[in-house]
file protein26.csv (CSV, C-alpha atoms)
chain,number,residue,atom,x,y,z
A,24,MET,CA,-27.5,12.9,103.8
A,25,PRO,CA,-24.2,13.6,105.5
A,26,ARG,CA,-21.9,16.2,104.1
A,27,TRP,CA,-19.1,13.7,103.4
A,28,ALA,CA,-21.4,11.6,101.3
A,29,VAL,CA,-22.3,14.6,99.2
A,30,VAL,CA,-18.6,15.4,98.7
A,31,LEU,CA,-17.9,11.8,97.8
A,32,LEU,CA,-20.8,11.7,95.4
A,33,VAL,CA,-19.6,14.9,93.6
A,34,ALA,CA,-16.0,13.6,93.5
A,35,VAL,CA,-17.0,10.3,92.0
A,36,GLY,CA,-19.3,12.0,89.5
A,37,ALA,CA,-16.4,14.4,88.5
A,38,LEU,CA,-14.1,11.4,88.0
A,39,VAL,CA,-16.7,9.6,85.9
A,40,VAL,CA,-16.9,12.6,83.6
A,41,LEU,CA,-13.3,13.9,83.6
A,42,VAL,CA,-11.4,10.6,83.2
A,43,PRO,CA,-13.0,9.6,79.8
A,44,VAL,CA,-12.7,13.2,78.6
A,45,GLY,CA,-9.1,13.4,79.7
A,46,GLY,CA,-8.4,10.0,78.0
A,47,ILE,CA,-9.9,11.2,74.8
A,48,ALA,CA,-7.9,14.4,74.9
A,49,ALA,CA,-4.7,12.5,75.5
A,50,TYR,CA,-5.5,10.1,72.6
A,51,VAL,CA,-6.2,13.0,70.2
A,52,TYR,CA,-2.9,14.7,71.3
A,53,ALA,CA,-0.8,11.6,70.9
A,54,SER,CA,-2.5,10.7,67.6
A,55,GLY,CA,-1.8,14.2,66.2
A,56,LYS,CA,1.9,13.9,67.2
A,57,ALA,CA,2.2,10.4,65.7
A,58,HIS,CA,0.7,11.7,62.3
A,59,GLU,CA,2.1,15.2,62.1
A,60,ASP,CA,4.6,14.3,59.3
A,61,MET,CA,2.1,12.1,57.5
A,62,ARG,CA,1.6,13.0,53.8
A,63,PHE,CA,-0.7,11.8,51.1
A,64,PRO,CA,0.4,10.9,47.6
A,65,SER,CA,-2.3,13.2,46.1
A,66,GLU,CA,-0.3,16.1,47.5
A,67,ASP,CA,2.5,15.3,45.1
A,68,VAL,CA,0.2,15.5,42.0
A,69,THR,CA,-0.6,18.6,40.0
A,70,VAL,CA,-3.0,18.8,37.0
A,71,ALA,CA,-0.7,20.7,34.5
A,72,ARG,CA,-3.2,20.8,31.7
A,73,CYS,CA,-6.9,19.8,31.2
A,74,ALA,CA,-8.5,20.0,27.8
A,75,LEU,CA,-10.4,18.1,25.1
A,76,ASP,CA,-8.4,16.3,22.5
A,77,PRO,CA,-9.2,18.1,19.2
A,78,ALA,CA,-9.1,14.9,17.1
A,79,THR,CA,-11.2,12.6,19.3
A,80,GLY,CA,-13.2,14.9,21.6
A,81,ARG,CA,-12.0,12.9,24.6
A,82,PRO,CA,-10.9,14.7,27.8
A,83,VAL,CA,-7.2,14.7,28.5
A,84,ALA,CA,-5.4,15.5,31.7
A,85,GLU,CA,-1.6,16.1,31.8
A,86,LEU,CA,-0.3,15.4,35.3
A,87,SER,CA,3.0,16.5,36.9
A,88,ILE,CA,4.1,14.4,39.9
A,89,THR,CA,6.9,15.6,42.1
A,90,SER,CA,7.9,12.9,44.6
A,91,ARG,CA,8.2,13.9,48.2
A,92,ALA,CA,8.2,10.3,49.4
A,93,ALA,CA,11.0,8.8,51.5
A,94,ARG,CA,11.8,6.2,48.8
A,95,GLU,CA,11.7,5.7,45.1
A,96,GLY,CA,8.3,4.4,44.0
A,97,THR,CA,5.4,4.2,41.6
A,98,TYR,CA,2.5,6.6,41.6
A,99,THR,CA,-0.9,5.5,40.3
A,100,VAL,CA,-3.3,8.4,39.8
A,101,ARG,CA,-7.1,8.3,39.0
A,102,VAL,CA,-8.5,11.4,37.4
A,103,GLU,CA,-12.2,12.2,37.3
A,104,PHE,CA,-13.3,14.3,34.3
A,105,ARG,CA,-16.2,16.6,35.1
A,106,ASP,CA,-18.5,18.7,32.9
A,107,GLU,CA,-19.4,22.4,33.5
A,108,ARG,CA,-22.1,21.4,36.0
A,109,GLU,CA,-19.4,19.5,38.0
A,110,LYS,CA,-21.0,16.1,37.1
A,111,ALA,CA,-18.5,13.3,36.7
A,112,VAL,CA,-18.6,12.1,33.1
A,113,ASP,CA,-15.5,9.9,32.9
A,114,GLN,CA,-12.5,8.6,34.7
A,115,GLY,CA,-9.0,7.5,33.7
A,116,THR,CA,-5.8,6.3,35.3
A,117,GLY,CA,-2.2,7.3,34.8
A,118,THR,CA,1.0,5.8,36.2
A,119,VAL,CA,4.6,7.1,36.8
A,120,ARG,CA,6.9,4.2,37.6
A,121,ASP,CA,10.1,4.2,39.7
A,122,LEU,CA,10.1,8.0,40.4
A,123,ALA,CA,13.1,8.9,42.5
A,124,VAL,CA,12.9,11.0,45.6
A,125,GLY,CA,12.6,14.7,44.7
A,126,ALA,CA,12.2,13.9,40.9
A,127,THR,CA,9.3,15.1,38.8
A,128,GLY,CA,7.5,12.8,36.3
A,129,ARG,CA,4.7,13.4,33.9
A,130,THR,CA,1.9,11.2,32.6
A,131,THR,CA,-1.2,11.8,30.5
A,132,VAL,CA,-4.6,10.4,31.3
A,133,VAL,CA,-7.2,10.2,28.5
A,134,GLY,CA,-10.9,9.6,29.0
A,135,ALA,CA,-12.5,6.6,27.5
A,136,ARG,CA,-15.2,8.4,25.6
A,137,ALA,CA,-15.8,11.7,23.8
A,138,SER,CA,-17.1,14.5,26.0
A,139,GLY,CA,-20.4,16.2,25.2
A,140,GLY,CA,-18.6,19.4,24.5
A,141,GLY,CA,-17.4,22.2,26.7
A,142,ALA,CA,-14.1,22.3,28.5
A,143,PRO,CA,-13.7,19.5,31.0
A,144,ARG,CA,-12.5,19.9,34.5
A,145,CYS,CA,-9.9,17.4,35.6
A,146,VAL,CA,-9.8,16.4,39.3
A,147,VAL,CA,-7.3,14.1,41.0
A,148,PHE,CA,-9.8,11.5,42.4
A,149,ASP,CA,-7.3,9.2,44.0
A,150,ALA,CA,-3.6,8.8,44.2
A,151,ALA,CA,-1.6,5.8,45.5
A,152,PHE,CA,2.2,5.4,46.0
A,153,GLU,CA,4.0,2.1,46.2
A,154,SER,CA,7.6,2.0,47.1
A,155,THR,CA,9.9,0.1,44.7
A,156,GLU,CA,13.0,0.6,46.8
A,157,PRO,CA,13.8,-1.7,49.8
A,158,VAL,CA,13.7,0.1,53.2
A,159,ALA,CA,17.3,-0.7,53.9
A,160,THR,CA,18.5,1.5,51.0
A,161,ALA,CA,16.1,4.4,51.6
A,162,THR,CA,17.8,7.9,51.5
A,163,ARG,CA,15.6,9.5,54.2
call {"tool": "encode", "arguments": {"input": "protein26.csv", "output": "structure tokens"}}
result
Amino acid sequence: MPRWAVVLLVAVGALVVLVPVGGIAAYVYASGKAHEDMRFPSEDVTVARCALDPATGRPVAELSITSRAAREGTYTVRVEFRDEREKAVDQGTGTVRDLAVGATGRTTVVGARASGGGAPRCVVFDAAFESTEPVATATR
């Protein structure tokens, strides 16, 4: 096989490998830049207190939500109550409506049934944010 054919074969082989790899690298870089300021509503939620209600025996989570969203909106938070073995035993949902940018709101989530005893662990299972302010009037 002539030398120029070997060089051509190696060059084409390198292109076949490097072009897709370069394309993937460029996509990952661009995707990272496009999402670098992305935030998740769950990052605004803190479990302030987690305990059993002494009267009912049901798990109770007190949540504190500090909005870092760009607009006023409503937070809906699902809490999972877990036992000492980390097994999910119940869930509940709490809502804070029309929370202003930078403001802090509180909500209480109560489990539907009494716990089998022992201190529960309250975990933010899911959090959603829905803007209640039109885009044209947003402050940021």
call {"tool": "residues_around", "arguments": {"input": "protein26.csv", "residues": "Gly96 in chain A", "least_positions_apart": "4", "cutoff": "12 Å", "atoms": "all atoms listed in the file", "output": "number ranges by chain"}}
result
A: 64, 88-92, 118-128, 151-158, 161
call {"tool": "residues_around", "arguments": {"input": "protein26.csv", "residues": "range 134-145 of chain A", "least_positions_apart": "2", "cutoff": "8 Å", "atoms": "only C-alpha atoms", "output": "list of chain:residue names"}}
result
A:Val70, A:Cys73, A:Ala74, A:Leu75, A:Thr79, A:Gly80, A:Arg81, A:Pro82, A:Val83, A:Ala84, A:Val102, A:Glu103, A:Phe104, A:Arg105, A:Asp106, A:Glu107, A:Glu109, A:Val112, A:Asp113, A:Gln114, A:Gly115, A:Val132, A:Val147
call {"tool": "atom_distance", "arguments": {"input": "protein26.csv", "atom1": "CA of Thr130 in chain A", "atom2": "CA of Thr69 in chain A"}}
result
10.8 Å
call {"tool": "closest_residue", "arguments": {"input": "protein26.csv", "among": "A:Leu86, A:Ala93, A:Ala78, A:Met61", "to": "Gly117 in chain A", "atoms": "all atoms listed in the file"}}
result
A:Leu86
call {"tool": "closest_residue", "arguments": {"input": "protein26.csv", "among": "A:Val133, A:Ala71, A:Val100, A:Met24", "to": "Asp149 in chain A", "atoms": "only C-alpha atoms"}}
result
A:Val100
call {"tool": "atom_distance", "arguments": {"input": "protein26.csv", "atom1": "CA of Arg94 in chain A", "atom2": "CA of Glu66 in chain A"}}
result
15.7 Å
call {"tool": "atom_distance", "arguments": {"input": "protein26.csv", "atom1": "CA of Arg108 in chain A", "atom2": "CA of Ser87 in chain A"}}
result
25.6 Å
call {"tool": "closest_residue", "arguments": {"input": "protein26.csv", "among": "A:Thr97, A:Arg129, A:Thr116, A:Phe148", "to": "Arg72 in chain A", "atoms": "only C-alpha atoms"}}
result
A:Arg129
